[in-house]
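Taking it in order: structure first as structure tokens, then the write-up.
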Amino acid sequence: MKRLLLINLGLAIAPFFAVAQTKTIDQKVDSVLKLMTLEEKVGQMNQYNGPWGSTGPLTNDDKLLDQVKSGKVGSMLNVTGAKRTRELQELAMQSRLKIPMLFGQDVVHGYRTIFPLPIAEAASWDLAAMERSARIAAIESSAAGVHWTFAPMVDIARDPRWGRVMEGAGEDPWLGSKIAVARVKGFQGKGLGHTDAVMACAKHFAAYGAAVGGRDYNSVDMSLRQLHEVYLPPFKAAAEAGVATYMNSFNDINGIPASASKLLQRDILKGQWKFKGFVVSDWGSIGEMIPHGYARDNAHAAILASNAGSDMDMESRSYIQYLAKAVREGKVKLTVVDDAVRRILRKKFEMGLFNDPYRFSSEEREKEQWNNPDHIKEALDMARKSIVLLKNENILPLAKQSHKDSEVRRIAMIGPFIKAQSDHLGFWSYDWPDDSTRISSIWDAVQKKIDAPATELLYAKGCGINDSSTAGFAEAIAVAQRSDVIVLSIGEARDMTGEAKSRSNIHLPGVQEELVKALQATGKPMVVLISAGRPLVFNWTREHVPAILYTWWLGTTAGDAIADVLFGDYNPSGKLPMTFPLSEGQIPIYYNYYNTGRPAKNDSDRFYRSAYTDLSLYPAYPFGYGLSYTKFAYSEIKLSAPSFTKTSSLTATITVTNTGSLAGTETVQLYIRDLVGSVVRPVKELKGFQQIHLQPGESREVKFTITEKDLRFYDDQLRFISEPGEFTLFIGTDSRNVKEVGFEMK
Amino acid sequence: MKKVVLFFLAFVLISGQRVMAQSASDAKMKTFIDALMKKMTLDEKIGQLNLPGSGDIVTGQAQSSDIGRKIREGKVGGLFNIKSAAKIRDVQKVAVEESRLKIPLIFGMDVIHGYETVFPIPLGLSATWDMNLVERSARIAAIEASADGINWTFSPMVDISRDPRWGRTAEGAGEDAYLGSQIAAAMVKGYQGSDLSKNNTIMSCVKHYALYGAGEAGRDYNTVDMSRIRMYNEYFPPYQAAVKAGVGSVMASFNEIDGVPATGNKWLLTDVLRKQWGFNGFVVTDYTGINEMVDHGIGDLKTVSARALMAGIDMDMVGEGLLTTTKQSLKEGKVTLAQIDLACRRILEAKYKLGLFQDPYKYCDDTRAQSEIFTDAHRKEARSIAAQSFVLLRNQGNVLPLKKSGTIALVGPLADSKENMPGTWSVAANFSKATSVLAGLKEVVGDKVNILYAKGANLDHDPKFEERAGMFGKNLQRDNRPAEEIIKEALDVAAKADVIVAALGEASEMSGESSSRSNIEIPESQRQLLMALLKTGKPVVLVLFTGRPLAIKWESENVPAILNVWFPGSEAGYAVADVLFGDVNPSGKLNMTFPQNVGQVPIFYNHKNTGRPLAEGGWFSKFRSNYLDVSNDPVYPFGYGLSYTQFTYSDVTVSSANLKGNQKLTASVMVTNSGKLDGKEVVQLYIRDVVGSVTRPMKELKGFQKIELKAGESKTVTFTITPEDLKFYNYVLKYDWEPGEFQIMIGGNSNEVKMKSVNWAK
């Protein structure tokens, strides 16, 4: 009681406190701003790559350090380590006004401890776990001097050809929004100012995932309604969660490069969403408006981008070279520059850097967090939850003990990933010198699980990831023939999915599917593990192999996570956050499509229907799909009433029963369809989910409450509204396998 | 000087007279229709908006049919796809003799690329890049159709398409808005002539308004989404060009736009079409387009019918939504009487313009039906046009033209098919009168060449797929023996020949409506045959039948000669023979990009540069916009096509490198036929606006000239460029040009051009 009261009191005084804080910071910001020359202001808007490493075409400048000393660099990226950041910050402290620099870094899925790819984490549908993952990344990187991560990437993507699908949360705006919030909260922790909180950066603003042909950096074109309905929600959610910064996207959208889009930056982000932080360009994206054919030169680019609301120039050097001149010539108003600088300084104050510019550069803390066993544990938890069981015809889980007392059981471990280590890290991760001792390989992890010598592991590589040679098949087949069960681990190489890693062919690379066929021909039971950063096409495997686990790239603890799942120490619970197509020719394919005027009922209904003549309507695996070692049965849906009003709510209840013999976690998914709209509405939209853990035989009622807010969409005037009428409510285990019931909103 | 003035005066006088005559006849029409509409009941007005399916009329007696009853009751405004003057006369008789007001019906048909004399599918026809031929084909189609009772055609289809998966690419003019606009205008002129009331002109219907070609994933009828600026710059121009050319009617498309189906989209049908473009004809739905809005999810039949009418739909094809619900909607205030009147008036005006009130049987002239359909003269033109639509994609070692001697092995599932020659949408064609490749070759070379034939392969390994691809009586007579045995037979024949001609590709119903493919390669059964033929070491000519760009990377690298013949029409066999033996030197140019694989789709020449473009000809490059596994280049670019001779281009000369305001720029290039044969070349002009207030395409087609050059001859080709050619719709959709640098490019295809830069100030 007493405690509750205190919390209440806390709530009551919090707003006053917050206002007072803001005011103080604003005043401080203004007092600094007043002291600044125009050149120093522009300097704050300038971000350089540090002297180490790069993520784009490197532009080198020998006078970099002098510029820091003369107040021309507001931020640097790719500078990490307590020692290095301290060294650089010391240079900034030699500048006239001693304004500290911000150090930014692509901490995308872990820093020292590498977590699964963001898309893999998204497959866990476990928001708390994703928040913890981001939290740990923040703890580890902030201890290494990092103030700011260029994450989360919240781009909705419906095209698996695009390499950067690995960085996002998949195709759904609703799930994407929840995940965006979880990650922002994780990175920013208890709030900016805590030394273990890093500024998050929602990227890439906006619609980067809709590149034509799935080709990275390519043009984007869409209606404003689609932009608002599908691509902006996660960005809006990030703003509401208090994300500190945004990053521009590389693409042009409807003819305007995002870095110069007033609509995105001024009208929507800083206007409608009232975002108070700052916007950083992507690497060189301001200068890249020249090849876009939008800016004549860097001077022009600086004018266009700053006026549109890009506050900080990452590495194109347009601002530092030309912005002051543009202000003096009246092409950019001083108020534009002042606004940008205020936004940047405010974050530096909030981060506490004016009090202590070295507060993140603590070698002691860095050492403390360098090998934090709790982090490894969390990473393992996350990795296990990210694995998706796609198929299982009574093979998994494998027994840990050999059942036959007299004979030795043999497991054939085959494939290019069995002994791999750094391949499990995936794109956007860090290689550390001691990786070979830290990253768990599948081989080592399985070795630990089994009851040697009663169980023996056999190994053959079979082929490389992208080999054209089948020379290793014979050995693999021989090994398979000596075994009782085959575990085959195949997939994409670490650098086949990621930035500028688009593929026109998303089949399994090289001869790997040929290896699947060859091993399947041995007649031995086989489990296929697929490591990848995107939905791949593997139809033959899907149709013929009895068990498939999609293992993405799981990070430092990949091998242990896979072994836990293979042997049933963890019952897989992942669900796909993105539709898996049957072929490249089916792209884009996603679950929340429109019905069209000529929908096909099924695959025998093709004539004058919206269908292909040569391919099924359905994907290989739908959004939300994922199996368990146990089975879940769904009852019919009960509604609290057949209808409700705009001011009341509706409860949908379903009973889920674990009818199998193992305990397991199920993600119960709620979808809604608005049957008739003033504009056409998707056939289904995810509107909720709950994860439940059920013991064998256990049943649980799962309740979802629906209010008018859940039924809103952007109408043809871009008003976010709901319309009364008939709806269908679906609850199920994935986006296709659902129970349904109708309801009305009056 | 005097001459010029006189000419100018004459021009003013003539055009002035035309305007006066026009308004006089408009006034007369108005008087007539006002009087007629005064007599009409509400039901009769609504009846005019109804275009039911012909149903039992096609097979039975007009008078006793259900449609006959509706006509009598004044519930039908028109009918479509009825073939024969006699049948149409019968039906018209019911309307003008038995209905209360005796209003004649309008008779429509899908006359898409010819009537009984069938021309190449539109994608092929437009590969001629010859507007006279395009117009001529539509003219002949109109003569034949009008002789058989038809006065309205659902053509041209002008949907821009960048996705070869979409089956209906076959029906359009490809990916380019400029070329598409020229073709749209030529087709409309061809159908409508200079006077719609003549008995040999028919009303044209431009379709599918709008953006139907941008269906997601190339799947027919699928959702469309794009920005307004893209609509205006890249998809709208051909529709607008048809309106400018005076098209009498417009068909709404199946897809939605901005979340509202085109059929119920007022912005599209009224604001853009009528207010911005000044269209004054009538708008018809596509087949059950109104009803399908129920499935789109914007209301029940009554709601969507009312929405369609109020959006600007005038005629309801097949679904009878307007017929059955409009009266009730009027009572409920969901539609206005004024809108019903407006729609009814537009239909009556169309009938008036066609002269049907003067003579309802004007298009049912039995003598004309006897003498003007499938005539030798028409067929001759069709043969010539078909030959000019072929695109020579490859000719290693000058395999082509073939000698008119020796032995030829003709193989492939399309070598001996008549039914597949006319192509998709040949409703009026008599398939048995089409000429197969085998028959055409034999007839053209007579005894001079020994022609051996074997089928060699089925269309596809999958019999079910082949069944779907053989609809509408276009069966390819599946051979049920094992594939190896069928190939073996072909190899035996090949062994006896000097050269192999393989007629492979798609069956005609593999493209067209509801014929989208996710896999756009040559079917595996045929690819295997082709590989086996190549192994013989004999020269192989691939005669490629297709209704879409196919992914033929492997073929482009391994087959020495490839002649893309689309679906050439009723005279296919002759035209193929004419080109194979060199009687006609091929001159067609692709109007759509041929991708390396389906994963590259959409790929089109007028793309944006992006902020991280790949260096030209380069690949793979880190942090550039490219794929890991395929370059950014197509197999064949837009505008591409070879000849049996060679053309060389000089550098571009421009009249001035610095221009201002409304000055004119002339850009010239000297083209030389450096080969040994006479030939035709399409000289193409592209312009790039280097910096814009919005990102602009890498190049845009802005002109072309098809020239004929004797062997060794040179000609200077000159293009005149004005600021009008530099205009585009900017971010606020204002159509204007912007000063700055422009790259003027001229060449034989979109990829191989000579370039000069100019600066153009305002």
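As shown in the structure tokens, the chain order sets the letters A, B, ...; within each chain, residues go from 1, and ligands are also counted from 1 in the order they appear.
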Env of B:Asp447: 12 Å cut, atoms = only C-alpha atoms, seq-sep filter 3 positions within chain, self excluded. Answer as a compact mmCIF listing (two decimals) with N, CA and C atoms, in the first residue's frame.
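Listing of part_29.txt after writing:
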```
# COMPACT_ATOMS: atom_id res chain seq x y z
N LYS B 404 18.17 -20.26 -100.08
CA LYS B 404 16.99 -20.95 -100.61
C LYS B 404 17.43 -22.22 -101.35
N SER B 405 18.18 -23.04 -100.63
CA SER B 405 18.60 -24.31 -101.20
C SER B 405 18.96 -25.25 -100.06
N GLY B 406 19.20 -26.48 -100.36
CA GLY B 406 19.62 -27.43 -99.35
C GLY B 406 18.47 -27.96 -98.51
N THR B 407 18.81 -28.46 -97.31
CA THR B 407 17.81 -29.09 -96.45
C THR B 407 17.71 -28.37 -95.11
N LEU B 441 6.84 -21.79 -94.85
CA LEU B 441 8.17 -22.05 -95.41
C LEU B 441 8.06 -22.83 -96.71
N LYS B 442 7.23 -23.85 -96.69
CA LYS B 442 7.09 -24.71 -97.87
C LYS B 442 6.57 -23.90 -99.05
N GLU B 443 5.60 -23.05 -98.76
CA GLU B 443 5.00 -22.30 -99.85
C GLU B 443 5.96 -21.26 -100.41
N VAL B 444 6.71 -20.63 -99.55
CA VAL B 444 7.59 -19.57 -100.00
C VAL B 444 8.78 -20.10 -100.81
N ASN B 450 14.53 -28.46 -99.28
CA ASN B 450 13.94 -29.66 -98.73
C ASN B 450 13.66 -29.40 -97.25
N ILE B 451 12.38 -29.35 -96.87
CA ILE B 451 12.05 -29.02 -95.49
C ILE B 451 11.55 -30.27 -94.76
```
Picked from stretch 451-500 of chain A by DSSP as strand (DSSP E), as a VMD selection string:
chain A and resid 455 to 460 485 to 491
Output of the above residues as a PDB file, in the first residue's frame, restricted to N, CA and C atoms:
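Result written to out_30.pdb:
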```pdb
ATOM      1  N   THR A 455      27.144 -42.707 -28.352  1.00  0.00           N
ATOM      2  CA  THR A 455      26.801 -41.999 -29.586  1.00  0.00           C
ATOM      3  C   THR A 455      28.077 -41.450 -30.189  1.00  0.00           C
ATOM      4  N   GLU A 456      28.190 -41.641 -31.495  1.00  0.00           N
ATOM      5  CA  GLU A 456      29.386 -41.156 -32.169  1.00  0.00           C
ATOM      6  C   GLU A 456      28.991 -40.132 -33.220  1.00  0.00           C
ATOM      7  N   LEU A 457      29.758 -39.068 -33.277  1.00  0.00           N
ATOM      8  CA  LEU A 457      29.502 -38.065 -34.310  1.00  0.00           C
ATOM      9  C   LEU A 457      30.435 -38.297 -35.481  1.00  0.00           C
ATOM     10  N   LEU A 458      29.848 -38.278 -36.669  1.00  0.00           N
ATOM     11  CA  LEU A 458      30.668 -38.392 -37.873  1.00  0.00           C
ATOM     12  C   LEU A 458      30.602 -37.049 -38.583  1.00  0.00           C
ATOM     13  N   TYR A 459      31.645 -36.711 -39.294  1.00  0.00           N
ATOM     14  CA  TYR A 459      31.641 -35.411 -39.958  1.00  0.00           C
ATOM     15  C   TYR A 459      32.073 -35.504 -41.413  1.00  0.00           C
ATOM     16  N   ALA A 460      31.375 -34.747 -42.238  1.00  0.00           N
ATOM     17  CA  ALA A 460      31.852 -34.486 -43.608  1.00  0.00           C
ATOM     18  C   ALA A 460      31.321 -33.120 -43.985  1.00  0.00           C
ATOM     19  N   VAL A 485      21.272 -41.147 -38.252  1.00  0.00           N
ATOM     20  CA  VAL A 485      20.518 -39.938 -38.575  1.00  0.00           C
ATOM     21  C   VAL A 485      21.505 -38.887 -39.092  1.00  0.00           C
ATOM     22  N   ILE A 486      20.988 -38.058 -40.024  1.00  0.00           N
ATOM     23  CA  ILE A 486      21.848 -37.017 -40.609  1.00  0.00           C
ATOM     24  C   ILE A 486      21.397 -35.645 -40.107  1.00  0.00           C
ATOM     25  N   VAL A 487      22.378 -34.868 -39.666  1.00  0.00           N
ATOM     26  CA  VAL A 487      22.106 -33.452 -39.408  1.00  0.00           C
ATOM     27  C   VAL A 487      22.897 -32.671 -40.445  1.00  0.00           C
ATOM     28  N   LEU A 488      22.169 -32.019 -41.335  1.00  0.00           N
ATOM     29  CA  LEU A 488      22.819 -31.294 -42.429  1.00  0.00           C
ATOM     30  C   LEU A 488      22.627 -29.802 -42.219  1.00  0.00           C
ATOM     31  N   SER A 489      23.734 -29.091 -42.184  1.00  0.00           N
ATOM     32  CA  SER A 489      23.659 -27.659 -41.942  1.00  0.00           C
ATOM     33  C   SER A 489      24.137 -26.882 -43.158  1.00  0.00           C
ATOM     34  N   ILE A 490      23.199 -26.178 -43.789  1.00  0.00           N
ATOM     35  CA  ILE A 490      23.516 -25.462 -45.034  1.00  0.00           C
ATOM     36  C   ILE A 490      22.955 -24.049 -44.948  1.00  0.00           C
ATOM     37  N   GLY A 491      23.200 -23.263 -45.968  1.00  0.00           N
ATOM     38  CA  GLY A 491      22.628 -21.916 -45.978  1.00  0.00           C
ATOM     39  C   GLY A 491      23.439 -20.916 -46.763  1.00  0.00           C
TER      40      GLY A 491
END
```
Which residues are close to A:Gln669, i.e. within 7 Å by only C-alpha atoms, leaving aside same-chain residues fewer than 4 positions away? Reply as a PyMOL selection string.
chain A and resi 688-690+731-734
Do you know which residues are at most 12 Å from stretch 654-663 of chain A counting only C-alpha atoms, after dropping those on the same chain fewer than 4 positions away, and could you put them as a PyMOL selection string?
chain A and resi 396-397+568-573+628-640+667-670+690-705+729-733+738-741
Could you take the residues named above and write them with C-alpha atoms, as a PDB file, in the first residue's frame?
```
ATOM      1  CA  LEU A 396      12.986 -34.119 -33.786  1.00  0.00           C
ATOM      2  CA  PRO A 397      13.996 -33.810 -31.066  1.00  0.00           C
ATOM      3  CA  GLY A 568      14.898 -30.958 -27.151  1.00  0.00           C
ATOM      4  CA  ASP A 569      16.449 -28.971 -24.336  1.00  0.00           C
ATOM      5  CA  TYR A 570      14.559 -26.138 -25.871  1.00  0.00           C
ATOM      6  CA  ASN A 571      11.275 -26.720 -27.643  1.00  0.00           C
ATOM      7  CA  PRO A 572      11.331 -24.413 -30.677  1.00  0.00           C
ATOM      8  CA  SER A 573       8.860 -21.552 -30.566  1.00  0.00           C
ATOM      9  CA  SER A 628       6.724 -26.878 -32.012  1.00  0.00           C
ATOM     10  CA  TYR A 629       7.730 -30.329 -30.791  1.00  0.00           C
ATOM     11  CA  THR A 630       4.350 -30.425 -29.149  1.00  0.00           C
ATOM     12  CA  LYS A 631       0.950 -29.655 -30.684  1.00  0.00           C
ATOM     13  CA  PHE A 632      -1.469 -26.892 -29.890  1.00  0.00           C
ATOM     14  CA  ALA A 633      -5.187 -27.161 -30.482  1.00  0.00           C
ATOM     15  CA  TYR A 634      -7.361 -24.097 -30.808  1.00  0.00           C
ATOM     16  CA  SER A 635     -10.993 -23.974 -29.744  1.00  0.00           C
ATOM     17  CA  GLU A 636     -13.561 -21.875 -31.551  1.00  0.00           C
ATOM     18  CA  ILE A 637     -13.483 -18.167 -30.728  1.00  0.00           C
ATOM     19  CA  LYS A 638     -15.933 -16.763 -28.199  1.00  0.00           C
ATOM     20  CA  LEU A 639     -16.833 -13.104 -28.412  1.00  0.00           C
ATOM     21  CA  SER A 640     -18.110 -11.112 -25.450  1.00  0.00           C
ATOM     22  CA  THR A 667       2.466 -17.471 -30.023  1.00  0.00           C
ATOM     23  CA  VAL A 668      -1.266 -16.984 -30.341  1.00  0.00           C
ATOM     24  CA  GLN A 669      -1.924 -14.480 -33.108  1.00  0.00           C
ATOM     25  CA  LEU A 670      -4.862 -12.139 -33.557  1.00  0.00           C
ATOM     26  CA  GLN A 690       0.235 -13.490 -26.808  1.00  0.00           C
ATOM     27  CA  GLN A 691       2.906 -15.979 -25.949  1.00  0.00           C
ATOM     28  CA  ILE A 692       1.848 -18.730 -23.636  1.00  0.00           C
ATOM     29  CA  HIS A 693       3.750 -21.613 -22.168  1.00  0.00           C
ATOM     30  CA  LEU A 694       1.714 -24.783 -21.755  1.00  0.00           C
ATOM     31  CA  GLN A 695       2.530 -28.049 -20.073  1.00  0.00           C
ATOM     32  CA  PRO A 696       1.452 -31.223 -21.867  1.00  0.00           C
ATOM     33  CA  GLY A 697      -2.318 -31.491 -21.611  1.00  0.00           C
ATOM     34  CA  GLU A 698      -2.681 -27.991 -20.226  1.00  0.00           C
ATOM     35  CA  SER A 699      -5.311 -25.622 -21.595  1.00  0.00           C
ATOM     36  CA  ARG A 700      -5.465 -21.893 -21.284  1.00  0.00           C
ATOM     37  CA  GLU A 701      -7.921 -19.227 -22.210  1.00  0.00           C
ATOM     38  CA  VAL A 702      -6.329 -16.447 -24.187  1.00  0.00           C
ATOM     39  CA  LYS A 703      -8.184 -13.155 -24.243  1.00  0.00           C
ATOM     40  CA  PHE A 704      -7.800 -10.244 -26.607  1.00  0.00           C
ATOM     41  CA  THR A 705      -9.555  -6.949 -26.090  1.00  0.00           C
ATOM     42  CA  LEU A 729     -11.608 -11.607 -36.338  1.00  0.00           C
ATOM     43  CA  PHE A 730      -9.092 -14.420 -36.664  1.00  0.00           C
ATOM     44  CA  ILE A 731      -7.056 -16.163 -34.006  1.00  0.00           C
ATOM     45  CA  GLY A 732      -4.548 -18.825 -34.844  1.00  0.00           C
ATOM     46  CA  THR A 733      -1.108 -20.287 -34.881  1.00  0.00           C
ATOM     47  CA  VAL A 738      -6.778 -19.547 -37.997  1.00  0.00           C
ATOM     48  CA  LYS A 739     -10.218 -19.741 -36.449  1.00  0.00           C
ATOM     49  CA  GLU A 740     -12.531 -16.938 -37.389  1.00  0.00           C
ATOM     50  CA  VAL A 741     -15.628 -15.135 -36.261  1.00  0.00           C
TER      51      VAL A 741
END
```
Pull out every residue of chain A that has at least one atom within 6 Å of chain B, counting only C-alpha atoms, and report them as a ChimeraX atom specification.
/A:213,215-218,221-223,254-256,288-289,291-294,500-505,584-588,595-597,608,610-614,675-680
DSSP helix (DSSP H, G or I) selection over stretch 191-284 of chain A, as a ChimeraX atom specification:
/A:208-210,212-214,224-231,233-240,258-260,262-272
Write a file of the just-selected residues containing C-alpha atoms, as a PDB file, in the first residue's frame.
```
ATOM      1  CA  TYR A 208      14.115   2.061 -47.761  1.00  0.00           C
ATOM      2  CA  GLY A 209      12.823  -1.513 -47.756  1.00  0.00           C
ATOM      3  CA  ALA A 210      10.665  -0.918 -50.808  1.00  0.00           C
ATOM      4  CA  VAL A 212      12.600  -1.516 -56.823  1.00  0.00           C
ATOM      5  CA  GLY A 213      13.607  -5.071 -57.650  1.00  0.00           C
ATOM      6  CA  GLY A 214      14.880  -5.642 -54.111  1.00  0.00           C
ATOM      7  CA  LEU A 224       1.263   8.343 -49.622  1.00  0.00           C
ATOM      8  CA  ARG A 225      -1.447   6.095 -48.245  1.00  0.00           C
ATOM      9  CA  GLN A 226       0.749   3.033 -48.527  1.00  0.00           C
ATOM     10  CA  LEU A 227       3.605   4.978 -46.972  1.00  0.00           C
ATOM     11  CA  HIS A 228       1.443   5.812 -43.976  1.00  0.00           C
ATOM     12  CA  GLU A 229      -0.251   2.441 -43.704  1.00  0.00           C
ATOM     13  CA  VAL A 230       2.688   0.113 -44.149  1.00  0.00           C
ATOM     14  CA  TYR A 231       6.060   1.808 -43.972  1.00  0.00           C
ATOM     15  CA  PRO A 233       4.147   2.892 -38.424  1.00  0.00           C
ATOM     16  CA  PRO A 234       7.380   1.494 -36.918  1.00  0.00           C
ATOM     17  CA  PHE A 235       9.010   4.916 -37.258  1.00  0.00           C
ATOM     18  CA  LYS A 236       6.059   6.553 -35.566  1.00  0.00           C
ATOM     19  CA  ALA A 237       6.200   3.972 -32.808  1.00  0.00           C
ATOM     20  CA  ALA A 238       9.889   4.693 -32.317  1.00  0.00           C
ATOM     21  CA  ALA A 239       9.142   8.402 -31.999  1.00  0.00           C
ATOM     22  CA  GLU A 240       6.509   7.672 -29.400  1.00  0.00           C
ATOM     23  CA  ALA A 258      14.848  11.027 -48.419  1.00  0.00           C
ATOM     24  CA  SER A 259      17.734  13.171 -47.189  1.00  0.00           C
ATOM     25  CA  ALA A 260      16.060  16.181 -48.780  1.00  0.00           C
ATOM     26  CA  LYS A 262      10.656  18.020 -46.267  1.00  0.00           C
ATOM     27  CA  LEU A 263       7.568  15.877 -46.211  1.00  0.00           C
ATOM     28  CA  LEU A 264       9.317  13.181 -44.209  1.00  0.00           C
ATOM     29  CA  GLN A 265      11.540  15.261 -41.963  1.00  0.00           C
ATOM     30  CA  ARG A 266       9.770  18.560 -41.414  1.00  0.00           C
ATOM     31  CA  ASP A 267       6.108  17.765 -41.963  1.00  0.00           C
ATOM     32  CA  ILE A 268       5.792  14.255 -40.606  1.00  0.00           C
ATOM     33  CA  LEU A 269       8.686  13.631 -38.219  1.00  0.00           C
ATOM     34  CA  LYS A 270       9.271  17.008 -36.623  1.00  0.00           C
ATOM     35  CA  GLY A 271       5.787  18.324 -37.330  1.00  0.00           C
ATOM     36  CA  GLN A 272       3.076  15.724 -36.854  1.00  0.00           C
TER      37      GLN A 272
END
```
Using only C-alpha atoms, which protein or nucleic acid residues come within 12 Å of B:Gly278? Drop anything in the same chain fewer than 6 positions from it, and give the result as JSON, numbers by chain.
{"B": [240, 241, 242, 243, 244, 245, 246, 247, 269, 270, 271, 272]}
Any chance you can output those residues with C-alpha atoms as a CSV table (one decimal), in the first residue's frame?
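Contents of the output file selection.csv:
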```csv
chain,number,residue,atom,x,y,z
B,240,GLN,CA,-4.0,11.0,-72.5
B,241,ALA,CA,-2.6,10.6,-76.0
B,242,ALA,CA,-5.6,8.5,-77.0
B,243,VAL,CA,-7.9,11.2,-75.6
B,244,LYS,CA,-6.1,13.8,-77.5
B,245,ALA,CA,-6.5,11.7,-80.7
B,246,GLY,CA,-10.2,11.8,-80.1
B,247,VAL,CA,-10.9,8.3,-78.7
B,269,LEU,CA,-12.6,9.0,-64.0
B,270,THR,CA,-13.8,12.5,-63.5
B,271,ASP,CA,-11.1,14.8,-62.2
B,272,VAL,CA,-8.2,13.6,-64.4
```
Residue with smallest distance to A:Tyr671 - pool A:Asp26, A:Ala92, A:Leu508, A:Asp172, counting only C-alpha atoms
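So, comparing all the options, the nearest one is A:Asp172.
One finds atom CA of B:Leu491 at 29.0 Å from atom CA of B:Ser432.
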Test item: residues at most 8 Å from stretch 361-368 of chain A, only C-alpha atoms, excluding those fewer than 2 positions along its chain, as a ChimeraX atom specification
/A:81-83,85-86,140,143-145,358-359,370-372
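Minimum atom-to-atom distances from A:His300, A:Lys746, A:Arg534, A:Lys419 to A:Ala157 were compared using only C-alpha atoms, and the lowest value belongs to A:Arg534.
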Find the residues near B:Leu105: any atom within 7 Å, counting only C-alpha atoms, skip ones fewer than 6 places away on the same chain, and give them as JSON, numbers by chain.
{"B": [77, 78, 92, 95]}
Mind giving me the straight-line distance from atom CA of B:Ser668 to atom CA of B:Lys710 in Å, one decimal?
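The value is 19.5 Å.
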